[in-house]
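Inspection log for the structure reproduced underneath, given as structure tokens.
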There are 2 protein chains.
Amino acid sequence: MTPNTHDQLLKKKQVEQMLAEHGIFVTAQRRIIAEALFARNQHITADQLLDLVNKNGTKVSKATIYNSLGLFADKGLVREIHINASKTFYDSNASRHHHFYNVDTGDLIDMKERLVPLFLQSDLPDGTVMETADVVIRVRNQSP
Amino acid sequence: MTPNTHDQLLKKKQVEQMLAEHGIFVTAQRRIIAEALFARNQHITADQLLDLVNKNGTKVSKATIYNSLGLFADKGLVREIHINASKTFYDSNASRHHHFYNVDTGDLIDMKERLVPLFLQSDLPDGTVMETADVVIRVRNQSP
DNA sequence: ATCAATTTTAGAACTATTCTAATGCCACGA
DNA sequence: TCGTGGCATTAGAATAGTTCTAAAATTGAT
Ligand SMILES: [Mn+2]
Ligand SMILES: [Mn+2]
Ligand SMILES: [Zn+2]
Ligand SMILES: [Zn+2]
């Protein structure tokens, strides 16, 4: 019995294809990182991802984690979410959606699409085009 | 001729009143910091404010700048805006409004009120109440 | 095999922010 | 007026997320 099931092989193919389609040269480390990152929709920090990737014997350096996350973000595969000066999440779901952040629990929760604001291109500052719309609604637990 | 004009004295009074109304004990340093910060609507970083405050002979420590900004933010007098891991702005206008951030120029520009999204309390996660709605629309300069 | 270009890496460097612990300040009551 | 308690302020150290450096590894092309 090989360590790779059919499903895992499929997923590996999908991830490679995804990277290639976005003009990202596939390397061993990028494949490992992308497989861990895109295995599910998640909000993860750089060093949570480092731990996750290196949990199973593989060894990827911290620098490569940052390099790859930066590259993936540039190519539009992940979204950076800046909660505060020392908390940056990477969202493996880069499609248009926004978030609730619970300051009491630290939870970052996806917001339903229908709540997303609408912007008109013509309302942007002159000579600019929209890159991303970053929305974080901070909530706290109701007082008891 | 005294160094303080009538207008400046008025402004000083107003600032003290503002702090007191928000339950902030007025101290010499807090008054100096608040006068510089609330002199106009601005988006300013902690050490820009440190420079501004200490420009005219006064001497306030970096720790006090951070302590005061944190206190003012807790009391709802300023808004923190987290652009990225190493760029936090303090907005001296804490009223509800949002921002465009130009990644090419670094400009942070106020957004007109009518573009602000609407949220229904009932759409928040169960058991939570809204604290702030932080919206930053990132734009970049149109390609030439 | 050789080569140039790109990627990875360990660890150092950087830097915004927070922490520490000593000192200062001030109001109040004895 | 003096002493005490409680904050506030401070210099500088510590922290920690991120970026940088420069050397080694990998890659695909010739
Ligand atoms: Mn982390
Ligand atoms: Mn700064
Ligand atoms: Zn999300
Ligand atoms: Zn503003």
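Ordering of the structure tokens sets the chain letters (A, B, ...); residue numbers start at 1 within each chain; ligands are numbered from 1 in the order shown.
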
Contact residues around DT23 (chain C) with only C-alpha atoms (C1' of nucleotides) at 12 Å, ignoring same-chain residues under 3 positions, as a ChimeraX atom specification: /D:8-11

Selected residues written out with all heavy atoms, as a compact mmCIF listing (two decimals), in the first residue's frame:
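So result_35.txt came out as:
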# COMPACT_ATOMS: atom_id res chain seq x y z
P DA D 8 -3.73 56.93 35.34
OP1 DA D 8 -4.75 57.88 34.88
OP2 DA D 8 -3.63 55.58 34.76
O5' DA D 8 -2.30 57.62 35.18
C5' DA D 8 -2.12 58.94 35.66
C4' DA D 8 -0.80 59.50 35.15
O4' DA D 8 0.28 58.96 35.94
C3' DA D 8 -0.47 59.18 33.70
O3' DA D 8 0.07 60.37 33.15
C2' DA D 8 0.56 58.05 33.79
C1' DA D 8 1.24 58.34 35.12
N9 DA D 8 1.71 57.18 35.87
C8 DA D 8 1.01 56.03 36.13
N7 DA D 8 1.67 55.16 36.87
C5 DA D 8 2.89 55.78 37.10
C6 DA D 8 4.03 55.39 37.82
N6 DA D 8 4.13 54.22 38.47
N1 DA D 8 5.07 56.25 37.86
C2 DA D 8 4.96 57.43 37.23
N3 DA D 8 3.94 57.91 36.53
C4 DA D 8 2.92 57.03 36.50
P DT D 9 0.63 60.43 31.67
OP1 DT D 9 0.44 61.82 31.21
OP2 DT D 9 0.10 59.30 30.90
O5' DT D 9 2.17 60.21 31.92
C5' DT D 9 2.90 61.21 32.64
C4' DT D 9 4.37 60.84 32.66
O4' DT D 9 4.53 59.64 33.42
C3' DT D 9 4.98 60.56 31.27
O3' DT D 9 6.07 61.47 31.09
C2' DT D 9 5.43 59.10 31.35
C1' DT D 9 5.54 58.85 32.84
N1 DT D 9 5.29 57.46 33.33
C2 DT D 9 6.23 56.86 34.14
O2 DT D 9 7.28 57.39 34.46
N3 DT D 9 5.90 55.58 34.56
C4 DT D 9 4.74 54.88 34.27
O4 DT D 9 4.56 53.76 34.71
C5 DT D 9 3.80 55.58 33.42
C7 DT D 9 2.52 54.91 33.03
C6 DT D 9 4.12 56.82 33.00
P DT D 10 6.82 61.53 29.68
OP1 DT D 10 7.35 62.89 29.52
OP2 DT D 10 5.96 60.94 28.64
O5' DT D 10 8.04 60.56 29.96
C5' DT D 10 8.90 60.83 31.06
C4' DT D 10 9.89 59.70 31.25
O4' DT D 10 9.22 58.56 31.84
C3' DT D 10 10.49 59.19 29.94
O3' DT D 10 11.81 59.71 29.84
C2' DT D 10 10.47 57.66 30.07
C1' DT D 10 9.88 57.39 31.44
N1 DT D 10 8.86 56.31 31.49
C2 DT D 10 9.06 55.23 32.33
O2 DT D 10 10.04 55.09 33.01
N3 DT D 10 8.04 54.30 32.32
C4 DT D 10 6.88 54.35 31.57
O4 DT D 10 6.04 53.47 31.66
C5 DT D 10 6.74 55.51 30.72
C7 DT D 10 5.51 55.66 29.86
C6 DT D 10 7.73 56.42 30.72
P DA D 11 12.58 59.70 28.46
OP1 DA D 11 13.36 60.95 28.36
OP2 DA D 11 11.66 59.30 27.39
O5' DA D 11 13.58 58.50 28.74
C5' DA D 11 14.41 58.54 29.90
C4' DA D 11 15.18 57.25 30.01
O4' DA D 11 14.27 56.16 30.34
C3' DA D 11 15.89 56.83 28.73
O3' DA D 11 17.19 56.36 29.09
C2' DA D 11 14.99 55.75 28.13
C1' DA D 11 14.30 55.16 29.34
N9 DA D 11 12.91 54.75 29.13
C8 DA D 11 11.99 55.33 28.29
N7 DA D 11 10.80 54.78 28.32
C5 DA D 11 10.94 53.77 29.26
C6 DA D 11 10.03 52.80 29.76
N6 DA D 11 8.75 52.72 29.37
N1 DA D 11 10.49 51.93 30.69
C2 DA D 11 11.76 52.02 31.09
N3 DA D 11 12.70 52.89 30.69
C4 DA D 11 12.23 53.74 29.76

Chain A contacts to chain D at 10 Å (only C-alpha atoms (C1' of nucleotides)) as a ChimeraX atom specification: /A:27,46-47,63,66-67,85-88

Keeping only C-alpha atoms, write the selected residues to a file as a short mmCIF file (atom, residue, chain, number, x, y, z; two decimals), in the first residue's frame.
data_model
loop_
_atom_site.label_atom_id
_atom_site.label_comp_id
_atom_site.auth_asym_id
_atom_site.auth_seq_id
_atom_site.Cartn_x
_atom_site.Cartn_y
_atom_site.Cartn_z
CA THR A 27 8.64 23.62 -6.97
CA ALA A 46 2.44 32.33 8.61
CA ASP A 47 3.79 30.34 11.48
CA ALA A 63 11.72 32.17 4.69
CA TYR A 66 6.90 33.92 3.70
CA ASN A 67 8.20 33.95 0.14
CA ALA A 85 0.05 45.15 14.04
CA SER A 86 1.00 41.61 15.04
CA LYS A 87 -1.76 39.49 13.57
CA THR A 88 -1.84 38.81 9.85
#

Expected answer as a VMD selection string: chain B residues within 12 Å of chain A, only C-alpha atoms: chain B and resid 80 to 89 98 to 105 107 to 144

Top pick for closest residue to ligand 2, considering B:Ala20, B:Ala28, B:Ile44, B:Ala39 and counting only C-alpha atoms and all ligand atoms: B:Ile44

Post-fit chain B coords, all in-order Cα pairs vs chain A, as a compact mmCIF listing (two decimals) with N, CA and C atoms, in the first residue's frame:
# COMPACT_ATOMS: atom_id res chain seq x y z
N MET B 1 0.12 -1.19 0.06
CA MET B 1 -0.67 0.07 0.05
C MET B 1 0.26 1.28 0.06
N THR B 2 0.16 2.08 -0.94
CA THR B 2 1.01 3.28 -0.99
C THR B 2 0.46 4.32 -0.03
N PRO B 3 1.30 5.23 0.42
CA PRO B 3 0.82 6.27 1.34
C PRO B 3 -0.13 7.26 0.67
N ASN B 4 -0.16 7.30 -0.65
CA ASN B 4 -1.04 8.24 -1.34
C ASN B 4 -2.31 7.57 -1.85
N THR B 5 -3.43 8.04 -1.37
CA THR B 5 -4.70 7.53 -1.89
C THR B 5 -4.97 8.19 -3.24
N HIS B 6 -5.98 7.67 -3.92
CA HIS B 6 -6.37 8.26 -5.20
C HIS B 6 -6.77 9.72 -5.02
N ASP B 7 -7.53 10.00 -3.96
CA ASP B 7 -7.97 11.37 -3.70
C ASP B 7 -6.80 12.32 -3.50
N GLN B 8 -5.84 11.85 -2.73
CA GLN B 8 -4.69 12.73 -2.47
C GLN B 8 -3.92 13.02 -3.74
N LEU B 9 -3.81 11.98 -4.62
CA LEU B 9 -3.12 12.22 -5.89
C LEU B 9 -3.87 13.25 -6.72
N LEU B 10 -5.18 13.12 -6.76
CA LEU B 10 -5.99 14.10 -7.47
C LEU B 10 -5.75 15.50 -6.92
N LYS B 11 -5.80 15.62 -5.61
CA LYS B 11 -5.62 16.92 -5.00
C LYS B 11 -4.27 17.52 -5.36
N LYS B 12 -3.24 16.65 -5.36
CA LYS B 12 -1.90 17.13 -5.71
C LYS B 12 -1.89 17.68 -7.12
N LYS B 13 -2.50 16.94 -8.05
CA LYS B 13 -2.61 17.40 -9.44
C LYS B 13 -3.32 18.75 -9.50
N GLN B 14 -4.45 18.84 -8.79
CA GLN B 14 -5.23 20.08 -8.82
C GLN B 14 -4.41 21.26 -8.33
N VAL B 15 -3.65 21.04 -7.26
CA VAL B 15 -2.86 22.12 -6.70
C VAL B 15 -1.79 22.57 -7.70
N GLU B 16 -1.12 21.60 -8.30
CA GLU B 16 -0.10 21.95 -9.31
C GLU B 16 -0.71 22.76 -10.44
N GLN B 17 -1.88 22.30 -10.87
CA GLN B 17 -2.57 22.99 -11.97
C GLN B 17 -2.91 24.42 -11.57
N MET B 18 -3.40 24.57 -10.35
CA MET B 18 -3.78 25.88 -9.84
C MET B 18 -2.58 26.82 -9.86
N LEU B 19 -1.45 26.35 -9.37
CA LEU B 19 -0.25 27.19 -9.36
C LEU B 19 0.14 27.56 -10.79
N ALA B 20 0.21 26.55 -11.64
CA ALA B 20 0.63 26.78 -13.03
C ALA B 20 -0.30 27.77 -13.72
N GLU B 21 -1.59 27.60 -13.50
CA GLU B 21 -2.56 28.51 -14.13
C GLU B 21 -2.37 29.96 -13.71
N HIS B 22 -1.78 30.14 -12.54
CA HIS B 22 -1.56 31.51 -12.07
C HIS B 22 -0.13 31.97 -12.31
N GLY B 23 0.57 31.27 -13.18
CA GLY B 23 1.91 31.70 -13.57
C GLY B 23 2.96 31.50 -12.49
N ILE B 24 2.71 30.51 -11.63
CA ILE B 24 3.66 30.23 -10.56
C ILE B 24 4.45 28.98 -10.90
N PHE B 25 5.76 29.11 -10.98
CA PHE B 25 6.65 27.98 -11.23
C PHE B 25 6.51 27.00 -10.08
N VAL B 26 6.23 25.74 -10.40
CA VAL B 26 6.00 24.76 -9.34
C VAL B 26 7.33 24.18 -8.86
N THR B 27 7.56 24.29 -7.58
CA THR B 27 8.74 23.68 -6.96
C THR B 27 8.27 22.74 -5.86
N ALA B 28 9.19 21.94 -5.35
CA ALA B 28 8.82 20.97 -4.32
C ALA B 28 8.20 21.68 -3.11
N GLN B 29 8.87 22.76 -2.66
CA GLN B 29 8.38 23.45 -1.46
C GLN B 29 7.04 24.13 -1.71
N ARG B 30 6.91 24.75 -2.86
CA ARG B 30 5.65 25.43 -3.15
C ARG B 30 4.50 24.44 -3.22
N ARG B 31 4.78 23.24 -3.72
CA ARG B 31 3.73 22.24 -3.79
C ARG B 31 3.32 21.82 -2.38
N ILE B 32 4.31 21.56 -1.55
CA ILE B 32 4.03 21.16 -0.16
C ILE B 32 3.22 22.23 0.57
N ILE B 33 3.66 23.47 0.42
CA ILE B 33 2.98 24.58 1.09
C ILE B 33 1.56 24.74 0.56
N ALA B 34 1.42 24.70 -0.75
CA ALA B 34 0.09 24.89 -1.35
C ALA B 34 -0.86 23.77 -0.96
N GLU B 35 -0.35 22.55 -0.87
CA GLU B 35 -1.22 21.43 -0.48
C GLU B 35 -1.76 21.62 0.93
N ALA B 36 -0.90 22.06 1.84
CA ALA B 36 -1.35 22.28 3.21
C ALA B 36 -2.32 23.47 3.27
N LEU B 37 -1.97 24.52 2.53
CA LEU B 37 -2.76 25.76 2.60
C LEU B 37 -4.13 25.60 1.97
N PHE B 38 -4.18 24.97 0.79
CA PHE B 38 -5.43 24.93 0.03
C PHE B 38 -6.23 23.64 0.29
N ALA B 39 -5.81 22.85 1.26
CA ALA B 39 -6.55 21.64 1.60
C ALA B 39 -7.98 21.98 2.01
N ARG B 40 -8.16 23.16 2.57
CA ARG B 40 -9.50 23.60 2.98
C ARG B 40 -9.53 25.11 3.09
N ASN B 41 -10.71 25.66 3.16
CA ASN B 41 -10.83 27.10 3.42
C ASN B 41 -10.40 27.37 4.85
N GLN B 42 -9.41 28.23 5.00
CA GLN B 42 -8.96 28.51 6.36
C GLN B 42 -8.31 29.88 6.44
N HIS B 43 -8.30 30.39 7.66
CA HIS B 43 -7.60 31.63 7.97
C HIS B 43 -6.43 31.23 8.84
N ILE B 44 -5.22 31.42 8.33
CA ILE B 44 -4.06 30.84 9.00
C ILE B 44 -2.92 31.86 9.00
N THR B 45 -2.13 31.84 10.08
CA THR B 45 -0.98 32.75 10.13
C THR B 45 0.24 32.05 9.53
N ALA B 46 1.26 32.85 9.23
CA ALA B 46 2.47 32.30 8.61
C ALA B 46 3.07 31.20 9.47
N ASP B 47 3.14 31.41 10.77
CA ASP B 47 3.82 30.33 11.48
C ASP B 47 2.92 29.20 11.92
N GLN B 48 1.61 29.39 11.87
CA GLN B 48 0.73 28.23 11.95
C GLN B 48 0.95 27.35 10.72
N LEU B 49 1.09 27.99 9.57
CA LEU B 49 1.31 27.25 8.33
C LEU B 49 2.66 26.55 8.35
N LEU B 50 3.67 27.24 8.90
CA LEU B 50 4.99 26.62 9.03
C LEU B 50 4.90 25.34 9.87
N ASP B 51 4.20 25.43 11.00
CA ASP B 51 4.02 24.25 11.84
C ASP B 51 3.27 23.15 11.10
N LEU B 52 2.21 23.53 10.42
CA LEU B 52 1.37 22.56 9.70
C LEU B 52 2.18 21.82 8.65
N VAL B 53 2.98 22.58 7.91
CA VAL B 53 3.76 22.00 6.81
C VAL B 53 4.85 21.07 7.36
N ASN B 54 5.46 21.45 8.46
CA ASN B 54 6.58 20.68 8.98
C ASN B 54 6.17 19.60 9.97
N LYS B 55 4.87 19.49 10.21
CA LYS B 55 4.36 18.52 11.16
C LYS B 55 4.71 17.09 10.73
N ASN B 56 4.59 16.83 9.42
CA ASN B 56 4.73 15.45 8.92
C ASN B 56 6.09 15.16 8.31
N GLY B 57 7.13 15.55 9.01
CA GLY B 57 8.46 15.17 8.55
C GLY B 57 9.07 16.11 7.53
N THR B 58 8.25 16.69 6.65
CA THR B 58 8.81 17.60 5.64
C THR B 58 9.47 18.77 6.34
N LYS B 59 10.38 19.42 5.62
CA LYS B 59 11.10 20.52 6.23
C LYS B 59 11.17 21.69 5.25
N VAL B 60 10.40 22.71 5.53
CA VAL B 60 10.42 23.92 4.71
C VAL B 60 10.79 25.07 5.62
N SER B 61 11.61 25.97 5.15
CA SER B 61 12.09 27.06 6.01
C SER B 61 11.04 28.15 6.16
N LYS B 62 11.22 28.91 7.22
CA LYS B 62 10.33 30.03 7.49
C LYS B 62 10.39 31.04 6.34
N ALA B 63 11.59 31.27 5.83
CA ALA B 63 11.74 32.24 4.73
C ALA B 63 10.92 31.81 3.52
N THR B 64 10.92 30.52 3.25
CA THR B 64 10.17 30.03 2.10
C THR B 64 8.66 30.14 2.33
N ILE B 65 8.24 29.96 3.56
CA ILE B 65 6.82 30.16 3.86
C ILE B 65 6.43 31.60 3.53
N TYR B 66 7.21 32.54 4.01
CA TYR B 66 6.91 33.95 3.74
C TYR B 66 7.03 34.27 2.26
N ASN B 67 8.08 33.77 1.61
CA ASN B 67 8.23 34.01 0.17
C ASN B 67 7.04 33.48 -0.60
N SER B 68 6.61 32.28 -0.26
CA SER B 68 5.52 31.64 -1.02
C SER B 68 4.19 32.34 -0.75
N LEU B 69 3.94 32.67 0.51
CA LEU B 69 2.69 33.36 0.81
C LEU B 69 2.65 34.70 0.08
N GLY B 70 3.79 35.39 0.07
CA GLY B 70 3.85 36.66 -0.65
C GLY B 70 3.58 36.48 -2.14
N LEU B 71 4.20 35.45 -2.70
CA LEU B 71 4.00 35.16 -4.12
C LEU B 71 2.55 34.79 -4.41
N PHE B 72 1.98 33.91 -3.59
CA PHE B 72 0.59 33.50 -3.79
C PHE B 72 -0.35 34.71 -3.67
N ALA B 73 -0.04 35.59 -2.75
CA ALA B 73 -0.88 36.78 -2.59
C ALA B 73 -0.78 37.69 -3.81
N ASP B 74 0.44 37.88 -4.30
CA ASP B 74 0.64 38.70 -5.51
C ASP B 74 -0.17 38.15 -6.68
N LYS B 75 -0.22 36.84 -6.76
CA LYS B 75 -0.90 36.20 -7.89
C LYS B 75 -2.39 36.01 -7.64
N GLY B 76 -2.85 36.46 -6.50
CA GLY B 76 -4.29 36.42 -6.23
C GLY B 76 -4.82 35.09 -5.73
N LEU B 77 -3.94 34.23 -5.25
CA LEU B 77 -4.39 32.92 -4.75
C LEU B 77 -4.80 32.96 -3.29
N VAL B 78 -4.21 33.84 -2.52
CA VAL B 78 -4.60 34.00 -1.12
C VAL B 78 -4.83 35.48 -0.84
N ARG B 79 -5.56 35.75 0.23
CA ARG B 79 -5.80 37.12 0.64
C ARG B 79 -5.17 37.36 2.00
N GLU B 80 -4.46 38.47 2.13
CA GLU B 80 -3.92 38.85 3.42
C GLU B 80 -4.98 39.63 4.19
N ILE B 81 -5.11 39.31 5.46
CA ILE B 81 -6.06 40.03 6.31
C ILE B 81 -5.31 40.54 7.52
N HIS B 82 -5.25 41.86 7.63
CA HIS B 82 -4.47 42.47 8.71
C HIS B 82 -5.39 42.86 9.85
N ILE B 83 -5.33 42.10 10.91
CA ILE B 83 -6.21 42.34 12.04
C ILE B 83 -5.62 43.40 12.95
N ASN B 84 -4.35 43.27 13.26
CA ASN B 84 -3.66 44.33 13.98
C ASN B 84 -2.17 44.20 13.71
N ALA B 85 -1.40 45.01 14.42
CA ALA B 85 0.02 45.13 14.09
C ALA B 85 0.76 43.79 14.19
N SER B 86 0.23 42.86 14.96
CA SER B 86 0.97 41.60 15.10
C SER B 86 0.09 40.40 14.80
N LYS B 87 -0.91 40.58 13.97
CA LYS B 87 -1.75 39.45 13.60
C LYS B 87 -2.18 39.57 12.15
N THR B 88 -1.50 38.84 11.28
CA THR B 88 -1.84 38.79 9.86
C THR B 88 -2.32 37.38 9.53
N PHE B 89 -3.52 37.29 8.99
CA PHE B 89 -4.03 36.01 8.54
C PHE B 89 -3.91 35.90 7.03
N TYR B 90 -3.71 34.68 6.57
CA TYR B 90 -3.80 34.40 5.15
C TYR B 90 -5.05 33.57 4.94
N ASP B 91 -5.87 34.01 4.01
CA ASP B 91 -7.15 33.35 3.74
C ASP B 91 -6.99 32.50 2.49
N SER B 92 -7.14 31.19 2.64
CA SER B 92 -6.95 30.29 1.49
C SER B 92 -8.12 30.39 0.51
N ASN B 93 -9.16 31.06 0.92
CA ASN B 93 -10.26 31.34 0.00
C ASN B 93 -10.14 32.80 -0.45
N ALA B 94 -9.67 32.98 -1.69
CA ALA B 94 -9.40 34.34 -2.17
C ALA B 94 -10.61 34.96 -2.85
N SER B 95 -11.70 34.23 -2.93
CA SER B 95 -12.89 34.80 -3.59
C SER B 95 -13.47 35.92 -2.73
N ARG B 96 -14.22 36.78 -3.37
CA ARG B 96 -14.71 37.98 -2.69
C ARG B 96 -15.64 37.67 -1.53
N HIS B 97 -15.16 37.91 -0.34
CA HIS B 97 -15.98 37.79 0.86
C HIS B 97 -15.26 38.54 1.97
N HIS B 98 -15.95 38.77 3.06
CA HIS B 98 -15.36 39.57 4.12
C HIS B 98 -15.57 38.90 5.47
N HIS B 99 -15.24 39.60 6.55
CA HIS B 99 -15.06 38.88 7.82
C HIS B 99 -15.60 39.58 9.05
N PHE B 100 -15.98 38.75 10.02
CA PHE B 100 -16.19 39.22 11.37
C PHE B 100 -14.99 38.78 12.20
N TYR B 101 -14.48 39.68 13.00
CA TYR B 101 -13.39 39.33 13.92
C TYR B 101 -13.87 39.56 15.33
N ASN B 102 -13.83 38.53 16.13
CA ASN B 102 -14.27 38.63 17.52
C ASN B 102 -13.08 38.95 18.41
N VAL B 103 -13.06 40.16 18.93
CA VAL B 103 -11.91 40.61 19.72
C VAL B 103 -11.79 39.85 21.04
N ASP B 104 -12.89 39.28 21.50
CA ASP B 104 -12.84 38.53 22.75
C ASP B 104 -12.23 37.14 22.55
N THR B 105 -12.60 36.50 21.46
CA THR B 105 -12.17 35.11 21.25
C THR B 105 -11.04 34.98 20.24
N GLY B 106 -10.84 36.01 19.41
CA GLY B 106 -9.83 35.93 18.35
C GLY B 106 -10.32 35.20 17.11
N ASP B 107 -11.59 34.80 17.11
CA ASP B 107 -12.15 34.11 15.93
C ASP B 107 -12.29 35.04 14.74
N LEU B 108 -11.93 34.54 13.58
CA LEU B 108 -12.16 35.25 12.32
C LEU B 108 -13.15 34.43 11.51
N ILE B 109 -14.31 35.01 11.25
CA ILE B 109 -15.44 34.25 10.68
C ILE B 109 -15.83 34.86 9.34
N ASP B 110 -16.10 34.01 8.36
CA ASP B 110 -16.54 34.53 7.07
C ASP B 110 -17.91 35.18 7.17
N MET B 111 -18.08 36.24 6.37
CA MET B 111 -19.33 36.99 6.31
C MET B 111 -20.08 36.56 5.06
N LYS B 112 -21.38 36.52 5.16
CA LYS B 112 -22.15 36.10 4.00
C LYS B 112 -22.04 37.13 2.87
N GLU B 113 -21.99 36.64 1.68
CA GLU B 113 -21.76 37.49 0.50
C GLU B 113 -22.73 38.66 0.42
N ARG B 114 -24.01 38.42 0.78
CA ARG B 114 -25.00 39.47 0.58
C ARG B 114 -24.74 40.70 1.43
N LEU B 115 -23.87 40.58 2.40
CA LEU B 115 -23.59 41.74 3.26
C LEU B 115 -22.46 42.60 2.71
N VAL B 116 -21.87 42.16 1.63
CA VAL B 116 -20.73 42.90 1.09
C VAL B 116 -21.17 44.24 0.49
N PRO B 117 -20.41 45.27 0.76
CA PRO B 117 -20.77 46.59 0.23
C PRO B 117 -20.57 46.66 -1.28
N LEU B 118 -21.28 47.58 -1.88
CA LEU B 118 -21.13 47.82 -3.31
C LEU B 118 -20.35 49.10 -3.54
N PHE B 119 -19.46 49.06 -4.47
CA PHE B 119 -18.72 50.27 -4.81
C PHE B 119 -18.83 50.53 -6.29
N LEU B 120 -18.88 51.78 -6.64
CA LEU B 120 -18.89 52.16 -8.04
C LEU B 120 -17.49 52.56 -8.44
N GLN B 121 -17.04 52.03 -9.55
CA GLN B 121 -15.70 52.36 -10.02
C GLN B 121 -15.49 53.88 -10.05
N SER B 122 -16.55 54.58 -10.42
CA SER B 122 -16.42 56.03 -10.57
C SER B 122 -16.22 56.75 -9.24
N ASP B 123 -16.45 56.07 -8.15
CA ASP B 123 -16.26 56.70 -6.86
C ASP B 123 -14.85 56.56 -6.33
N LEU B 124 -14.02 55.79 -7.02
CA LEU B 124 -12.63 55.64 -6.57
C LEU B 124 -11.86 56.94 -6.83
N PRO B 125 -10.75 57.13 -6.10
CA PRO B 125 -9.94 58.32 -6.36
C PRO B 125 -9.52 58.37 -7.83
N ASP B 126 -9.45 59.56 -8.38
CA ASP B 126 -9.09 59.73 -9.79
C ASP B 126 -7.81 58.99 -10.14
N GLY B 127 -7.83 58.31 -11.28
CA GLY B 127 -6.62 57.67 -11.78
C GLY B 127 -6.25 56.38 -11.07
N THR B 128 -7.18 55.85 -10.26
CA THR B 128 -6.86 54.59 -9.57
C THR B 128 -7.87 53.51 -9.95
N VAL B 129 -7.46 52.28 -9.76
CA VAL B 129 -8.37 51.15 -9.96
C VAL B 129 -8.37 50.30 -8.69
N MET B 130 -9.49 49.65 -8.44
CA MET B 130 -9.61 48.89 -7.21
C MET B 130 -8.72 47.65 -7.24
N GLU B 131 -8.07 47.39 -6.13
CA GLU B 131 -7.27 46.18 -6.01
C GLU B 131 -8.04 45.17 -5.15
N THR B 132 -8.28 45.54 -3.90
CA THR B 132 -9.07 44.68 -3.03
C THR B 132 -9.98 45.53 -2.15
N ALA B 133 -11.05 44.93 -1.67
CA ALA B 133 -11.91 45.58 -0.69
C ALA B 133 -11.76 44.80 0.60
N ASP B 134 -11.10 45.38 1.55
CA ASP B 134 -10.83 44.68 2.80
C ASP B 134 -11.77 45.18 3.88
N VAL B 135 -12.61 44.30 4.33
CA VAL B 135 -13.62 44.67 5.31
C VAL B 135 -13.52 43.74 6.50
N VAL B 136 -13.33 44.29 7.65
CA VAL B 136 -13.38 43.50 8.88
C VAL B 136 -14.31 44.20 9.85
N ILE B 137 -15.39 43.51 10.18
CA ILE B 137 -16.31 44.02 11.19
C ILE B 137 -15.88 43.43 12.52
N ARG B 138 -15.39 44.30 13.38
CA ARG B 138 -14.98 43.81 14.69
C ARG B 138 -16.19 43.70 15.59
N VAL B 139 -16.31 42.56 16.26
CA VAL B 139 -17.42 42.38 17.20
C VAL B 139 -16.82 41.97 18.54
N ARG B 140 -17.63 42.10 19.60
CA ARG B 140 -17.18 41.55 20.87
C ARG B 140 -18.35 40.79 21.50
N ASN B 141 -18.04 39.93 22.45
CA ASN B 141 -19.09 39.16 23.10
C ASN B 141 -20.01 40.09 23.87
N GLN B 142 -21.33 39.80 23.77
CA GLN B 142 -22.32 40.57 24.48
C GLN B 142 -22.04 40.50 25.98
N SER B 143 -22.18 41.64 26.67
CA SER B 143 -21.95 41.63 28.12
C SER B 143 -23.02 40.78 28.79
N PRO B 144 -22.63 40.01 29.82
CA PRO B 144 -23.57 39.05 30.45
C PRO B 144 -24.54 39.77 31.38

Filtered DSSP result for chain B, state helix (DSSP H, G or I), as an MDAnalysis selection string: chainID B and resid 6:21 28:37 46:54 62:74 113:115 121:123

Proximal residues of chain C relative to chain B (only C-alpha atoms (C1' of nucleotides); 12 Å) as a list in words: DC14, DT15, DA16, DT17, DT18, DC19, DT20, DC25 and DC26 of chain C
